[in-house]
$ cat protein-v1.txt   # compact mmCIF, C-alpha atoms
# COMPACT_ATOMS: atom_id res chain seq x y z
CA LEU I 209 16.04 -26.07 32.83
CA THR I 210 13.32 -27.00 35.34
CA PRO I 211 11.59 -25.15 38.20
CA GLU I 212 13.94 -27.02 40.54
CA GLY I 213 17.06 -26.06 38.61
CA ILE I 214 19.14 -27.56 35.78
CA LYS I 215 18.78 -31.30 35.28
CA ARG I 216 20.03 -33.83 32.75
CA ASP I 217 17.47 -34.86 30.14
CA LEU I 218 17.55 -38.44 31.40
CA GLU I 219 16.55 -37.28 34.89
CA VAL I 220 13.39 -35.51 33.71
CA ASP I 221 10.07 -37.33 33.56
CA ARG I 222 8.78 -36.75 30.02
CA GLU I 223 5.19 -36.64 31.20
CA ALA I 224 6.09 -33.88 33.63
CA SER I 225 8.11 -31.91 31.07
CA ILE I 226 6.91 -28.37 30.29
CA ALA I 227 8.72 -28.32 26.93
CA PRO I 228 5.50 -28.76 24.88
CA ARG I 229 3.91 -25.82 26.69
CA THR I 230 6.92 -23.58 26.18
CA GLY I 231 7.11 -24.69 22.54
CA ARG I 232 3.51 -23.67 22.01
CA ARG I 233 4.20 -20.32 23.65
CA LEU I 234 7.12 -19.80 21.29
CA ASP I 235 4.95 -20.71 18.30
CA ARG I 236 2.33 -18.20 19.41
CA GLY I 237 4.99 -15.54 19.84
CA ILE I 238 6.39 -16.09 16.35
CA ILE I 239 2.92 -16.07 14.76
CA ALA I 240 2.00 -12.91 16.65
CA LEU I 241 5.18 -11.15 15.50
CA LEU I 242 4.60 -12.12 11.87
CA VAL I 243 1.01 -10.92 11.93
CA ILE I 244 2.00 -7.64 13.58
CA VAL I 245 4.61 -7.09 10.87
CA LEU I 246 2.09 -7.85 8.12
CA GLY I 247 -0.51 -5.59 9.71
CA TRP I 248 1.97 -2.73 10.04
CA PHE I 249 3.05 -3.13 6.43
CA LEU I 250 -0.56 -2.95 5.23
CA VAL I 251 -1.47 -0.03 7.46
CA ASP I 252 1.71 1.91 6.72
CA GLU I 253 1.76 1.24 3.01
CA PHE I 254 -1.87 1.67 2.01
CA TYR I 255 -3.74 4.09 4.18
CA LEU I 256 -1.78 5.91 6.87
CA GLU I 257 -1.27 9.58 6.20
CA PRO I 258 2.23 10.38 4.97
CA ARG I 259 4.72 11.00 7.73
CA SER I 260 8.03 12.71 8.00
CA SER I 261 9.86 9.43 7.26
CA ASP I 262 8.18 9.24 3.84
CA PRO I 263 10.61 10.64 1.24
CA THR I 264 7.68 12.12 -0.70
CA VAL I 265 6.45 14.24 2.18
CA ALA I 266 7.93 17.39 3.64
CA ILE I 267 10.04 17.15 6.78
CA GLU I 268 10.61 19.76 9.42
CA ARG I 269 13.65 21.92 8.85
CA GLN I 270 16.12 22.32 11.68
CA LYS I 271 16.06 25.94 12.79
CA PRO I 272 19.24 28.00 12.99
CA GLU I 273 20.14 29.35 16.40
CA ASN I 274 19.01 32.86 15.46
CA SER I 275 15.75 31.78 13.82
CA THR I 276 12.27 32.61 15.05
CA ASP I 277 9.88 30.08 16.52
CA VAL I 278 8.06 29.80 13.20
CA GLU I 279 8.73 26.41 11.66
CA ARG I 280 8.50 26.03 7.91
CA PRO I 281 8.27 22.75 6.04
CA ASP I 282 11.25 21.75 4.00
CA VAL I 283 10.64 21.02 0.36
CA GLN I 284 11.81 18.25 -1.91
CA PRO I 285 13.75 19.22 -5.02
CA PRO I 286 11.58 18.39 -8.02
CA VAL I 287 12.55 15.37 -10.07
CA THR I 288 12.51 15.61 -13.86
CA ASN I 289 9.36 14.18 -15.46
CA SER I 290 7.65 13.74 -12.11
CA LEU I 291 4.04 14.40 -11.25
CA ALA I 292 1.30 13.87 -8.70
CA VAL I 293 -2.31 13.05 -9.54
CA LEU I 294 -4.52 14.80 -7.01
CA PRO I 295 -7.96 13.34 -6.19
CA PHE I 296 -10.47 14.50 -8.79
CA GLN I 297 -13.23 16.57 -7.21
CA SER I 298 -16.76 15.18 -7.38
CA MET I 299 -19.11 17.93 -8.59
CA SER I 300 -22.29 15.87 -8.09
CA SER I 301 -23.84 14.44 -4.95
CA GLY I 302 -25.03 10.96 -5.88
CA PRO I 303 -24.43 8.15 -3.35
CA ASP I 304 -21.51 6.69 -5.32
CA ASP I 305 -20.22 9.83 -7.06
CA GLU I 306 -17.29 10.43 -4.74
CA TYR I 307 -16.26 6.77 -4.99
CA PHE I 308 -16.50 7.14 -8.76
CA ALA I 309 -14.24 10.23 -8.74
CA ASP I 310 -11.69 8.52 -6.48
CA GLY I 311 -11.74 5.43 -8.67
CA LEU I 312 -11.19 7.47 -11.82
CA THR I 313 -8.28 9.26 -10.14
CA GLU I 314 -6.68 5.98 -9.18
CA GLU I 315 -7.15 4.53 -12.66
CA ILE I 316 -5.35 7.51 -14.22
CA LEU I 317 -2.61 7.34 -11.57
CA ASN I 318 -2.07 3.62 -12.17
CA ALA I 319 -1.90 4.12 -15.92
CA LEU I 320 0.71 6.88 -15.64
CA ALA I 321 2.75 4.86 -13.12
CA GLN I 322 3.37 2.22 -15.79
CA ILE I 323 5.55 4.59 -17.84
CA PRO I 324 9.23 3.98 -16.94
CA GLU I 325 10.29 7.52 -17.87
CA LEU I 326 7.71 9.09 -15.57
CA LEU I 327 7.92 9.24 -11.77
CA VAL I 328 4.42 9.28 -10.26
CA THR I 329 3.75 9.98 -6.58
CA ALA I 330 2.03 7.11 -4.78
CA ARG I 331 -1.69 7.22 -4.08
CA THR I 332 -1.13 7.53 -0.33
CA SER I 333 0.79 10.77 -0.75
CA SER I 334 -1.54 12.27 -3.37
CA PHE I 335 -4.74 11.48 -1.46
CA HIS I 336 -3.23 13.07 1.64
CA PHE I 337 -4.24 16.37 0.05
CA LYS I 338 -7.85 15.40 -0.64
CA GLY I 339 -10.20 18.14 0.49
CA ARG I 340 -7.33 20.46 1.42
CA ASN I 341 -7.41 23.79 -0.37
CA LEU I 342 -3.68 24.35 -0.77
CA PRO I 343 -1.91 26.16 -3.63
CA ILE I 344 -0.58 23.84 -6.33
CA PRO I 345 3.04 25.05 -5.93
CA GLU I 346 2.91 24.25 -2.21
CA ILE I 347 1.59 20.74 -2.83
CA ALA I 348 4.18 20.12 -5.54
CA ALA I 349 6.97 21.38 -3.28
CA GLN I 350 5.94 19.02 -0.49
CA LEU I 351 5.77 16.07 -2.88
CA GLY I 352 8.91 17.02 -4.79
CA VAL I 353 7.29 16.91 -8.25
CA GLU I 354 7.46 19.14 -11.30
CA HIS I 355 3.85 18.76 -12.37
CA VAL I 356 0.43 18.23 -10.87
CA VAL I 357 -2.67 16.70 -12.44
CA GLU I 358 -6.04 17.78 -11.10
CA GLY I 359 -9.60 17.59 -12.34
CA SER I 360 -13.27 17.21 -11.59
CA VAL I 361 -16.07 14.75 -12.34
CA ARG I 362 -19.79 15.39 -12.70
CA ARG I 363 -22.28 12.54 -13.18
CA SER I 364 -25.89 12.80 -14.24
CA GLY I 365 -27.54 9.47 -14.94
CA GLU I 366 -25.51 7.76 -17.66
CA GLN I 367 -23.78 11.00 -18.64
CA VAL I 368 -20.49 12.12 -17.18
CA ARG I 369 -18.37 15.24 -17.64
CA ILE I 370 -14.67 14.93 -16.83
CA THR I 371 -12.30 17.89 -16.73
CA ALA I 372 -8.56 17.38 -16.36
CA GLN I 373 -5.51 19.61 -16.49
CA LEU I 374 -1.76 19.25 -16.27
CA ILE I 375 -0.15 22.11 -14.34
CA ARG I 376 3.51 23.08 -14.20
CA ALA I 377 4.20 23.67 -10.53
CA SER I 378 7.01 26.19 -10.93
CA ASP I 379 4.76 28.90 -12.38
CA GLY I 380 1.22 27.49 -12.18
CA PHE I 381 0.71 27.46 -15.96
CA HIS I 382 -1.57 24.88 -17.57
CA LEU I 383 0.42 22.76 -20.02
CA TRP I 384 -2.65 20.81 -21.10
CA SER I 385 -6.35 20.66 -20.27
CA ASN I 386 -9.47 19.14 -21.73
CA THR I 387 -13.14 18.53 -20.96
CA TYR I 388 -14.86 15.26 -21.92
CA ASP I 389 -18.62 14.76 -22.16
CA ARG I 390 -19.21 11.02 -22.37
CA THR I 391 -21.45 8.18 -21.28
CA LEU I 392 -20.38 5.86 -18.48
CA GLU I 393 -19.51 3.21 -21.06
CA ASP I 394 -16.87 5.55 -22.53
CA VAL I 395 -15.21 6.44 -19.24
CA PHE I 396 -12.30 4.05 -19.67
CA ALA I 397 -11.49 5.45 -23.08
CA VAL I 398 -11.45 8.91 -21.50
CA GLN I 399 -9.04 7.92 -18.71
CA GLU I 400 -6.70 6.39 -21.28
CA ASP I 401 -6.88 9.56 -23.38
CA ILE I 402 -6.09 11.69 -20.32
CA ALA I 403 -3.07 9.57 -19.39
CA ARG I 404 -1.88 9.48 -22.99
CA SER I 405 -2.23 13.25 -23.44
CA ILE I 406 -0.30 13.95 -20.26
CA VAL I 407 2.56 11.66 -21.25
CA GLU I 408 2.80 13.14 -24.74
CA THR I 409 2.70 16.70 -23.36
CA LEU I 410 5.78 15.82 -21.30
CA ASP I 411 7.54 14.69 -24.51
CA ILE I 412 7.63 11.03 -23.55
CA VAL I 413 7.36 8.68 -26.49
CA LEU I 414 4.58 6.11 -26.22
CA ASP I 415 4.96 2.90 -28.20
CA GLU I 416 2.40 0.11 -28.51
CA GLU I 417 4.04 -1.91 -25.73
CA LYS I 418 3.74 0.96 -23.23
CA LEU I 419 0.15 1.59 -24.27
CA ALA I 420 -0.68 -2.07 -23.75
CA VAL I 421 0.83 -1.98 -20.23
CA MET I 422 -1.18 1.16 -19.41
CA ARG I 423 -4.42 -0.51 -20.54
CA ARG I 424 -3.76 -3.58 -18.39
CA SER I 425 -3.00 -1.55 -15.26
CA GLY I 426 -6.53 -0.49 -14.32
CA ILE I 427 -9.64 -2.23 -13.07
CA GLY I 428 -11.58 -1.46 -16.22
CA ASP I 429 -15.07 -1.84 -14.78
CA ILE I 430 -17.12 0.98 -13.27
CA ASN I 431 -18.99 -1.02 -10.64
CA THR I 432 -15.82 -2.84 -9.62
CA PHE I 433 -13.67 0.20 -9.07
CA ILE I 434 -16.50 1.88 -7.15
CA GLY I 435 -16.71 -1.29 -5.04
CA PHE I 436 -12.96 -1.25 -4.49
CA GLN I 437 -13.16 2.31 -3.13
CA LYS I 438 -15.99 1.26 -0.79
CA GLY I 439 -13.97 -1.71 0.42
CA ARG I 440 -10.95 0.47 1.09
CA GLU I 441 -13.09 2.88 3.13
CA LEU I 442 -14.47 0.01 5.24
CA PHE I 443 -10.96 -1.41 5.63
CA VAL I 444 -9.60 1.86 7.00
CA ALA I 445 -12.55 2.34 9.37
CA ALA I 446 -12.21 -1.24 10.66
CA HIS I 447 -8.71 -0.58 11.95
CA ASP I 448 -10.02 2.10 14.28
CA ALA I 449 -11.66 -0.61 16.41
CA HIS I 450 -9.88 -1.37 19.68
CA ASP I 451 -11.43 -4.79 20.24
CA PRO I 452 -9.52 -7.35 18.07
CA ARG I 453 -12.67 -9.41 17.50
CA VAL I 454 -14.66 -6.36 16.43
CA MET I 455 -11.84 -5.42 14.08
CA VAL I 456 -11.90 -8.83 12.37
CA THR I 457 -15.68 -8.63 11.92
CA ALA I 458 -15.38 -5.15 10.43
CA ILE I 459 -12.55 -6.16 8.08
CA ALA I 460 -14.65 -9.10 6.92
CA GLU I 461 -17.22 -6.61 5.59
CA ALA I 462 -14.58 -5.10 3.30
CA THR I 463 -13.07 -8.36 2.02
CA PRO I 464 -15.90 -9.27 -0.43
CA TYR I 465 -15.28 -6.01 -2.32
CA PHE I 466 -11.64 -6.97 -2.80
CA ARG I 467 -12.54 -10.50 -3.89
CA GLU I 468 -14.81 -9.06 -6.58
CA THR I 469 -12.02 -6.70 -7.60
CA VAL I 470 -9.45 -9.44 -8.24
CA LYS I 471 -11.97 -11.32 -10.37
CA VAL I 472 -12.00 -8.36 -12.76
CA ALA I 473 -8.46 -7.08 -12.17
CA PRO I 474 -6.28 -9.90 -10.76
CA GLY I 475 -3.17 -7.79 -11.21
CA LEU I 476 -4.19 -5.25 -8.58
CA VAL I 477 -1.61 -6.04 -5.88
CA ALA I 478 -3.26 -3.84 -3.24
CA ALA I 479 -6.45 -5.94 -3.33
CA TRP I 480 -4.54 -9.15 -2.60
CA LEU I 481 -2.75 -7.49 0.33
CA TYR I 482 -6.01 -6.16 1.74
CA MET I 483 -7.47 -9.67 1.58
CA ALA I 484 -4.49 -11.04 3.50
CA ASP I 485 -5.29 -8.80 6.44
CA GLU I 486 -8.45 -10.55 7.65
CA PRO I 487 -6.96 -14.06 8.03
CA ALA I 488 -3.81 -12.49 9.49
CA HIS I 489 -5.85 -10.91 12.28
CA VAL I 490 -7.68 -14.20 12.89
CA LEU I 491 -4.33 -15.96 13.14
CA PHE I 492 -3.02 -13.35 15.56
CA ASN I 493 -6.13 -13.41 17.77
CA ILE I 494 -6.05 -17.20 18.11
CA ALA I 495 -2.30 -17.25 18.75
CA ALA I 496 -2.55 -14.45 21.32
CA GLY I 497 -5.53 -16.06 23.03
CA THR I 498 -7.85 -13.09 22.52
CA GLN I 499 -10.39 -15.35 20.82
CA GLU I 500 -11.13 -19.04 20.64
CA ALA I 501 -11.05 -20.82 17.30
CA ASN I 502 -14.56 -21.17 15.88
CA TYR I 503 -13.71 -24.65 14.59
CA ASP I 504 -10.81 -27.10 14.56
CA GLY I 505 -8.15 -26.05 12.12
CA GLU I 506 -9.25 -22.40 11.81
CA ALA I 507 -5.77 -21.10 12.58
CA GLN I 508 -4.20 -23.41 9.97
CA GLN I 509 -6.77 -22.35 7.40
CA ALA I 510 -6.08 -18.69 8.17
CA LEU I 511 -2.36 -19.28 7.73
CA GLU I 512 -2.91 -20.97 4.37
CA THR I 513 -5.11 -18.09 3.24
CA VAL I 514 -2.45 -15.52 4.20
CA ARG I 515 0.12 -17.52 2.26
CA HIS I 516 -2.12 -17.68 -0.81
CA GLU I 517 -2.93 -13.95 -0.84
CA LEU I 518 0.72 -12.97 -0.38
CA ASP I 519 1.82 -15.38 -3.09
CA GLN I 520 -0.72 -13.83 -5.47
CA ALA I 521 0.42 -10.31 -4.57
CA TRP I 522 4.02 -11.31 -5.27
CA GLU I 523 3.06 -13.02 -8.53
CA TYR I 524 1.40 -9.89 -9.91
CA ALA I 525 3.84 -7.33 -8.48
CA ARG I 526 6.08 -5.54 -10.92
CA PRO I 527 9.70 -6.73 -10.91
CA GLY I 528 11.80 -4.57 -8.67
CA HIS I 529 11.69 -3.35 -5.13
CA GLN I 530 8.02 -3.97 -4.45
CA ARG I 531 8.38 -7.59 -5.49
CA ASP I 532 11.54 -8.02 -3.40
CA ILE I 533 9.74 -6.74 -0.30
CA LEU I 534 6.74 -8.99 -0.93
CA ASP I 535 9.10 -11.93 -1.35
CA VAL I 536 10.38 -11.37 2.19
CA GLU I 537 6.83 -10.95 3.47
CA ARG I 538 5.54 -14.21 2.02
CA THR I 539 8.66 -16.16 3.00
CA LEU I 540 8.16 -15.26 6.66
CA PHE I 541 4.84 -17.12 6.62
CA GLN I 542 6.40 -20.28 5.18
CA ASP I 543 7.90 -23.22 7.07
CA ASN I 544 11.21 -22.95 5.23
CA TRP I 545 13.30 -19.80 5.72
CA VAL I 546 16.24 -20.94 3.60
CA GLY I 547 17.52 -18.00 1.55
CA LEU I 548 15.72 -15.39 3.67
CA LYS I 549 18.91 -13.41 4.33
CA GLU I 550 19.54 -13.01 0.59
CA LYS I 551 15.94 -11.91 0.10
CA LEU I 552 16.30 -9.37 2.91
CA ASP I 553 19.48 -8.04 1.29
CA ARG I 554 17.59 -7.45 -1.96
CA ALA I 555 14.66 -5.81 -0.16
CA LEU I 556 16.99 -3.53 1.81
CA ARG I 557 18.69 -2.14 -1.28
CA ALA I 558 18.17 1.57 -1.80
CA GLY I 559 15.60 2.32 -4.45
CA ASP I 560 12.03 3.30 -5.18
CA CYS I 561 10.64 1.06 -2.46
CA PRO I 562 7.40 1.59 -0.58
CA ARG I 563 7.91 2.57 3.04
CA ASP I 564 10.09 -0.01 4.71
CA ASN I 565 9.90 0.88 8.41
CA TRP I 566 8.81 -2.71 8.98
CA MET I 567 12.29 -3.89 7.91
CA THR I 568 13.64 -3.18 11.37
CA GLU I 569 11.16 -5.76 12.74
CA PHE I 570 12.59 -8.40 10.42
CA ALA I 571 16.17 -7.49 11.21
CA MET I 572 15.55 -7.65 14.95
CA THR I 573 13.71 -10.96 14.57
CA LEU I 574 16.74 -12.45 12.84
CA SER I 575 19.11 -10.87 15.39
CA SER I 576 21.18 -9.30 12.64
CA PRO I 577 23.04 -6.21 13.91
CA GLU I 578 24.31 -5.60 10.39
CA MET I 579 20.78 -5.36 8.99
CA VAL I 580 19.62 -3.16 11.85
CA HIS I 581 22.60 -0.85 11.22
CA ARG I 582 21.89 -0.74 7.48
CA PHE I 583 18.24 0.05 8.12
CA GLU I 584 19.12 2.89 10.48
CA GLN I 585 21.62 4.32 7.98
CA GLU I 586 19.03 4.30 5.19
CA GLN I 587 16.51 6.16 7.35
CA MET I 588 18.95 9.00 8.17
$ encode --input "protein-v1.txt" --output "structure tokens"
Amino acid sequence: LTPEGIKRDLEVDREASIAPRTGRRLDRGIIALLVIVLGWFLVDEFYLEPRSSDPTVAIERQKPENSTDVERPDVQPPVTNSLAVLPFQSMSSGPDDEYFADGLTEEILNALAQIPELLVTARTSSFHFKGRNLPIPEIAAQLGVEHVVEGSVRRSGEQVRITAQLIRASDGFHLWSNTYDRTLEDVFAVQEDIARSIVETLDIVLDEEKLAVMRRSGIGDINTFIGFQKGRELFVAAHDAHDPRVMVTAIAEATPYFRETVKVAPGLVAAWLYMADEPAHVLFNIAAGTQEANYDGEAQQALETVRHELDQAWEYARPGHQRDILDVERTLFQDNWVGLKEKLDRALRAGDCPRDNWMTEFAMTLSSPEMVHRFEQEQM
């Protein structure tokens, strides 16, 4: 196909052919699509506020014809042995105290999430209620859980006081509570004791294997998990920038925190995914022409970095739906897509997956009406 019409290949002067230019445009388009998909997955999974499509968040109820204009949120039926860990309140005003409280909350949440018999609401949903003074039953109803964990943290020098309680949402009664006065060095023993006490209160048997998994799930270092919270805050703020180049610069400020995190806790999948975001934006900007490469081979290096971070995230992900989704994600950035359909089939299975709105992007990319139809059915 030429500007003058359709011609045989033999009739076209190779030096005048525009095929290389169109090929490069196609390459840029594919790279841009992949980066957009990765960016949406990161944004949607790790820091957007819960939306109506999230199964853990309330949806609007359809009003009967004779109803008033007052709309009430629907509630999720509570699941047996389910709980949400709300952000612990910082009772002191030091520069890092709120990061410390958030980090402690996340450590407890991660430890509890390792117990197969216990369904724990994701961090995104729990932290949606940070700073919101809502009744516990209302929060539990929106999240569809039986129990809620809440607490507070007060730091003074090397001393820390941690208060935690397990509340039954149906009647607001405290099933367990405790106050710990410890030094900072003992904090990790306290978080393990809190998680262990909660599990035992819910009549879940803890063996040594489960305890070992719980201990391996956290960051385990005070400065590191404070740094991780700072990095996450910078990461979220960076995505508010409208200029793609400004966004990359801002994300780059957060990345060192995540690199320090994986040195201490290499199994923290979220940190690897956050690190993949910076090179992904660089790759997108170069492919879209919004910035020039700073040096020869920058785009290729960015692509290799994305591949490495996604491979690491997949390596450390727990077997199951999260790993299946990450397998699709990392395959899309490889040269060989053999077996991608089978991987998509596994990732599209119903289950306890993170949000998968990005699946429609993959299905459309592969021009698979069947996958698009399955995606739409699962979202209904």
$ closest_residue --input "protein-v1.txt" --among "I:Glu358, I:Asp415, I:Glu400, I:Asp532" --to "I:Gln297" --atoms "all atoms listed in the file"
I:Glu358
$ closest_residue --input "protein-v1.txt" --among "I:Val470, I:Met422, I:Ala495, I:Ala501" --to "I:Gln322" --atoms "only C-alpha atoms"
I:Met422
$ residues_around --input "protein-v1.txt" --residues "I:Ile434" --least-positions-apart "4" --cutoff "7 Å" --atoms "only C-alpha atoms" --output "VMD selection string"
chain I and resid 307 to 308 311 430 438
$ residues_around --input "protein-v1.txt" --residues "I:Leu476" --least-positions-apart "2" --cutoff "9 Å" --atoms "all atoms listed in the file" --output "PyMOL selection string"
chain I and resi 425-427+469-470+473-474+478-480+521+524-525
$ closest_residue --input "protein-v1.txt" --among "I:Tyr482, I:Arg390, I:Lys418, I:Leu317" --to "I:Val444" --atoms "only C-alpha atoms"
I:Tyr482
$ closest_residue --input "protein-v1.txt" --among "I:Thr539, I:Asn318, I:Thr432, I:Thr387" --to "I:Arg467" --atoms "only C-alpha atoms"
I:Thr432
$ residues_around --input "protein-v1.txt" --residues "I:Ile494" --least-positions-apart "5" --cutoff "9 Å" --atoms "all atoms listed in the file" --output "list of chain:residue names"
I:Arg236, I:His489, I:Gln499, I:Glu500, I:Ala501, I:Glu506, I:Ala507
$ closest_atom_pairs --input "protein-v1.txt" --of "stretch 353-377 of chain I" --to "stretch 404-412 of chain I" --cutoff "9 Å" --atoms "all atoms listed in the file" --output "JSON lines"
{"residue": "I:Val357", "atom": "CA", "partner": "I:Ile406", "partner_atom": "CA", "distance": 8.6}
{"residue": "I:Gln373", "atom": "CA", "partner": "I:Ile406", "partner_atom": "CA", "distance": 8.6}
{"residue": "I:Leu374", "atom": "CA", "partner": "I:Ile406", "partner_atom": "CA", "distance": 6.8}
$ atom_distance --input "protein-v1.txt" --atom1 "atom CA of I:Arg515" --atom2 "atom CA of I:Phe541"
6.4 Å
$ atom_distance --input "protein-v1.txt" --atom1 "atom CA of I:Ser290" --atom2 "atom CA of I:Pro324"
11.0 Å
$ axis_aligned_box --input "protein-v1.txt" --around "stretch 423-432 of chain I" --padding-each-side "8 Å" --output "lines of an AutoDock Vina configuration file"
center_x = -11.0
center_y = -1.3
center_z = -15.1
size_x = 32.0
size_y = 20.6
size_z = 26.9
$ atom_distance --input "protein-v1.txt" --atom1 "atom CA of I:Leu518" --atom2 "atom CA of I:Leu481"
6.5 Å
$ residues_near_point --input "protein-v1.txt" --point "(-19.1, 10.8, -16.1)" --cutoff "7 Å" --atoms "all atoms listed in the file" --output "MDAnalysis selection string"
chainID I and resid 361:363 367:370 390:392 395
$ closest_residue --input "protein-v1.txt" --among "I:Gln508, I:Glu461, I:Val477, I:Leu552" --to "I:Glu523" --atoms "all atoms listed in the file"
I:Val477
$ closest_residue --input "protein-v1.txt" --among "I:Val421, I:Val398, I:Ala496, I:Ala403" --to "I:Leu291" --atoms "all atoms listed in the file"
I:Ala403
$ residues_near_point --input "protein-v1.txt" --point "(-1.6, 21.9, -6.4)" --cutoff "8 Å" --atoms "all atoms listed in the file" --output "PDB file with C-alpha atoms, keeping the file's coordinate frame"
ATOM      1  CA  LEU I 294      -4.520  14.800  -7.010  1.00  0.00           C
ATOM      2  CA  LEU I 342      -3.680  24.350  -0.770  1.00  0.00           C
ATOM      3  CA  PRO I 343      -1.910  26.160  -3.630  1.00  0.00           C
ATOM      4  CA  ILE I 344      -0.580  23.840  -6.330  1.00  0.00           C
ATOM      5  CA  PRO I 345       3.040  25.050  -5.930  1.00  0.00           C
ATOM      6  CA  GLU I 346       2.910  24.250  -2.210  1.00  0.00           C
ATOM      7  CA  ILE I 347       1.590  20.740  -2.830  1.00  0.00           C
ATOM      8  CA  ALA I 348       4.180  20.120  -5.540  1.00  0.00           C
ATOM      9  CA  VAL I 356       0.430  18.230 -10.870  1.00  0.00           C
ATOM     10  CA  GLU I 358      -6.040  17.780 -11.100  1.00  0.00           C
ATOM     11  CA  ALA I 377       4.200  23.670 -10.530  1.00  0.00           C
TER      12      ALA I 377
END
